[in-house]
>>> print(open('upload.txt').read())   # compact mmCIF, C-alpha atoms
# COMPACT_ATOMS: atom_id res chain seq x y z
CA MET A 1 -4.24 4.37 -2.53
CA PHE A 2 -2.46 4.03 0.79
CA HIS A 3 0.25 1.73 2.04
CA LYS A 4 -1.30 -1.41 3.51
CA GLU A 5 0.43 -1.03 6.88
CA GLY A 6 -0.74 2.58 7.05
CA PHE A 7 -4.45 1.91 7.41
CA GLN A 8 -4.16 1.42 11.18
CA ILE A 9 -2.23 4.70 11.54
CA ILE A 10 -4.80 6.50 9.38
CA LEU A 11 -7.67 5.09 11.44
CA ILE A 12 -6.06 6.06 14.76
CA THR A 13 -5.25 9.55 13.45
CA PHE A 14 -8.78 10.01 12.14
CA VAL A 15 -10.31 8.98 15.50
CA LEU A 16 -7.98 11.31 17.42
CA VAL A 17 -8.69 14.22 15.09
CA ALA A 18 -12.44 13.60 15.34
CA ALA A 19 -12.15 13.62 19.14
CA ILE A 20 -10.07 16.82 19.07
CA SER A 21 -12.52 18.50 16.70
CA ILE A 22 -15.53 17.57 18.81
CA GLY A 23 -13.69 18.46 22.01
CA ALA A 24 -12.82 21.88 20.62
CA GLU A 25 -16.54 22.65 20.37
CA TYR A 26 -16.89 22.18 24.14
CA ALA A 27 -13.47 23.37 25.32
CA PHE A 28 -13.40 26.76 23.62
CA THR A 29 -16.07 29.43 23.77
CA ASN A 30 -14.32 31.58 21.16
CA LEU A 31 -15.34 30.64 17.61
CA CYS A 32 -11.87 31.42 16.21
CA SER A 33 -10.23 29.06 18.70
CA GLN A 34 -12.70 26.29 17.86
CA LYS A 35 -12.28 26.58 14.10
CA GLY A 36 -8.52 27.11 14.35
CA THR A 37 -8.10 23.93 16.37
CA GLN A 38 -10.27 22.00 13.92
CA VAL A 39 -8.35 23.29 10.89
CA VAL A 40 -5.02 22.30 12.47
CA ALA A 41 -6.40 18.85 13.31
CA ILE A 42 -7.66 18.34 9.76
CA GLY A 43 -4.27 19.49 8.48
CA ILE A 44 -2.64 16.73 10.53
CA VAL A 45 -4.89 14.12 8.88
CA VAL A 46 -4.03 15.45 5.44
CA LEU A 47 -0.30 15.27 6.22
CA VAL A 48 -0.64 11.66 7.40
CA TRP A 49 -2.60 10.79 4.24
CA GLN A 50 0.07 12.37 2.04
CA PHE A 51 2.86 10.58 3.90
CA LEU A 52 1.26 7.13 3.63
CA ARG A 53 0.04 7.30 0.04
CA THR A 54 1.48 5.04 -2.65
CA PRO A 55 1.47 6.94 -5.94
CA LYS A 56 1.11 5.22 -9.29
CA ARG A 57 4.55 5.01 -10.90
CA ASP A 58 5.37 4.17 -14.50
CA THR A 59 8.91 2.81 -14.58
CA PRO A 60 10.48 2.66 -18.04
CA ILE A 61 12.55 -0.41 -18.77
CA ASP A 62 16.00 0.67 -19.95
CA ALA A 63 19.43 -0.79 -19.17
CA ALA A 64 21.02 2.66 -19.36
CA LEU A 65 18.92 4.04 -16.47
CA VAL A 66 19.67 3.94 -12.76
CA TYR A 67 16.59 3.44 -10.55
CA ALA A 68 16.21 4.89 -7.06
CA PRO A 69 13.44 3.88 -4.62
CA VAL A 70 12.56 7.50 -3.75
CA ASP A 71 10.40 10.32 -5.07
CA GLY A 72 11.90 13.51 -6.38
CA LYS A 73 15.48 14.27 -7.34
CA VAL A 74 18.40 12.16 -6.16
>>> encode(input="upload.txt", output="C-alpha cells")
Amino acid sequence: MFHKEGFQIILITFVLVAAISIGAEYAFTNLCSQKGTQVVAIGIVVLVWQFLRTPKRDTPIDAALVYAPVDGKV
C-alpha cells in the first residue's frame, strides 16, 4: 500500500503524466518521440509509487537487537 499522505501526490503525478502522454500524441509527429516521452512519463509515475510505498515489515522482538527506521543496511 501507499503512505496515506502520498495519495494526493500520486493523484497529481498521475494526472500530469496522463496530460503529458496525451499531449505527446499531438505535439510530436515522430512515433519514437511520442513513445519515448510516454515511457519517460510512465517511469516517473513508477518512481513516485516506489518512493511512497509502505512495505510490510516483520520486526522480531529481541532485546539484543538495535532497530533503525530505514530500509537497507545501516
>>> atom_distance(input="upload.txt", atom1="atom CA of A:Val39", atom2="atom CA of A:Thr13")
14.3 Å
>>> residues_around(input="upload.txt", residues="stretch 66-70 of chain A", least_positions_apart="5", cutoff="12 Å", atoms="only C-alpha atoms", output="MDAnalysis selection string")
chainID A and resid 54:55 57:61
>>> atom_distance(input="upload.txt", atom1="atom CA of A:Ile44", atom2="atom CA of A:Phe14")
9.2 Å
>>> residues_around(input="upload.txt", residues="A:Arg53", least_positions_apart="2", cutoff="6 Å", atoms="only C-alpha atoms", output="ChimeraX atom specification")
/A:1-3,50-51
>>> write_last_selection(input="upload.txt", atoms="C-alpha atoms", output="mmCIF file, in the frame of the given file")
data_model
loop_
_atom_site.group_PDB
_atom_site.id
_atom_site.type_symbol
_atom_site.label_atom_id
_atom_site.label_comp_id
_atom_site.auth_asym_id
_atom_site.auth_seq_id
_atom_site.Cartn_x
_atom_site.Cartn_y
_atom_site.Cartn_z
ATOM 1 C CA MET A 1 -4.240 4.370 -2.530
ATOM 2 C CA PHE A 2 -2.460 4.030 0.790
ATOM 3 C CA HIS A 3 0.250 1.730 2.040
ATOM 4 C CA GLN A 50 0.070 12.370 2.040
ATOM 5 C CA PHE A 51 2.860 10.580 3.900
#
>>> atom_distance(input="upload.txt", atom1="atom CA of A:Ile12", atom2="atom CA of A:Leu47")
13.8 Å
>>> build_atoms(input="upload.txt", residues="stretch 34-59 of chain A", atoms="N, CA, C and O atoms", output="short mmCIF file (atom, residue, chain, number, x, y, z; two decimals), in the frame of the given file")
data_model
loop_
_atom_site.label_atom_id
_atom_site.label_comp_id
_atom_site.auth_asym_id
_atom_site.auth_seq_id
_atom_site.Cartn_x
_atom_site.Cartn_y
_atom_site.Cartn_z
N GLN A 34 -12.09 27.56 18.27
CA GLN A 34 -12.70 26.29 17.86
C GLN A 34 -12.31 25.93 16.43
O GLN A 34 -11.81 24.83 16.17
N LYS A 35 -12.55 26.84 15.52
CA LYS A 35 -12.28 26.58 14.10
C LYS A 35 -10.79 26.45 13.83
O LYS A 35 -10.38 25.63 13.00
N GLY A 36 -9.97 27.22 14.52
CA GLY A 36 -8.52 27.11 14.35
C GLY A 36 -8.00 25.75 14.77
O GLY A 36 -7.18 25.14 14.07
N THR A 37 -8.49 25.25 15.90
CA THR A 37 -8.10 23.93 16.37
C THR A 37 -8.56 22.85 15.39
O THR A 37 -7.82 21.91 15.09
N GLN A 38 -9.76 22.99 14.87
CA GLN A 38 -10.27 22.00 13.92
C GLN A 38 -9.50 22.02 12.60
O GLN A 38 -9.23 20.96 12.03
N VAL A 39 -9.12 23.19 12.13
CA VAL A 39 -8.35 23.29 10.89
C VAL A 39 -6.98 22.66 11.07
O VAL A 39 -6.49 21.93 10.19
N VAL A 40 -6.33 22.91 12.20
CA VAL A 40 -5.02 22.30 12.47
C VAL A 40 -5.15 20.79 12.55
O VAL A 40 -4.32 20.05 12.00
N ALA A 41 -6.19 20.30 13.20
CA ALA A 41 -6.40 18.85 13.31
C ALA A 41 -6.64 18.22 11.94
O ALA A 41 -6.08 17.15 11.63
N ILE A 42 -7.42 18.86 11.11
CA ILE A 42 -7.66 18.34 9.76
C ILE A 42 -6.37 18.39 8.94
O ILE A 42 -6.09 17.49 8.14
N GLY A 43 -5.57 19.41 9.15
CA GLY A 43 -4.27 19.49 8.48
C GLY A 43 -3.36 18.33 8.85
O GLY A 43 -2.62 17.81 8.00
N ILE A 44 -3.43 17.89 10.09
CA ILE A 44 -2.64 16.73 10.53
C ILE A 44 -3.08 15.48 9.79
O ILE A 44 -2.25 14.68 9.33
N VAL A 45 -4.38 15.29 9.62
CA VAL A 45 -4.89 14.12 8.88
C VAL A 45 -4.41 14.16 7.43
O VAL A 45 -3.97 13.14 6.88
N VAL A 46 -4.46 15.33 6.84
CA VAL A 46 -4.03 15.45 5.44
C VAL A 46 -2.54 15.13 5.32
O VAL A 46 -2.12 14.43 4.38
N LEU A 47 -1.73 15.59 6.25
CA LEU A 47 -0.30 15.27 6.22
C LEU A 47 -0.05 13.78 6.36
O LEU A 47 0.81 13.22 5.68
N VAL A 48 -0.79 13.11 7.23
CA VAL A 48 -0.64 11.66 7.40
C VAL A 48 -1.06 10.95 6.11
O VAL A 48 -0.38 10.01 5.66
N TRP A 49 -2.16 11.39 5.51
CA TRP A 49 -2.60 10.79 4.24
C TRP A 49 -1.53 10.95 3.16
O TRP A 49 -1.25 10.02 2.42
N GLN A 50 -0.95 12.13 3.06
CA GLN A 50 0.07 12.37 2.04
C GLN A 50 1.33 11.54 2.30
O GLN A 50 1.97 11.07 1.36
N PHE A 51 1.67 11.35 3.56
CA PHE A 51 2.86 10.58 3.90
C PHE A 51 2.69 9.10 3.58
O PHE A 51 3.63 8.43 3.14
N LEU A 52 1.49 8.57 3.78
CA LEU A 52 1.26 7.13 3.63
C LEU A 52 0.70 6.73 2.27
O LEU A 52 0.40 5.57 2.05
N ARG A 53 0.59 7.65 1.34
CA ARG A 53 0.04 7.30 0.04
C ARG A 53 1.08 6.54 -0.78
O ARG A 53 2.28 6.69 -0.58
N THR A 54 0.61 5.74 -1.71
CA THR A 54 1.48 5.04 -2.65
C THR A 54 1.09 5.48 -4.06
O THR A 54 0.10 5.00 -4.60
N PRO A 55 1.84 6.41 -4.63
CA PRO A 55 1.47 6.94 -5.94
C PRO A 55 1.70 5.91 -7.04
O PRO A 55 2.53 5.02 -6.92
N LYS A 56 0.96 6.07 -8.11
CA LYS A 56 1.11 5.22 -9.29
C LYS A 56 2.38 5.65 -10.02
O LYS A 56 2.53 6.82 -10.37
N ARG A 57 3.29 4.71 -10.22
CA ARG A 57 4.55 5.01 -10.90
C ARG A 57 4.65 4.20 -12.18
O ARG A 57 4.40 3.00 -12.17
N ASP A 58 5.07 4.84 -13.25
CA ASP A 58 5.37 4.17 -14.50
C ASP A 58 6.89 4.14 -14.65
O ASP A 58 7.52 5.17 -14.87
N THR A 59 7.47 2.95 -14.51
CA THR A 59 8.91 2.81 -14.58
C THR A 59 9.30 2.31 -15.97
O THR A 59 8.95 1.19 -16.34
#
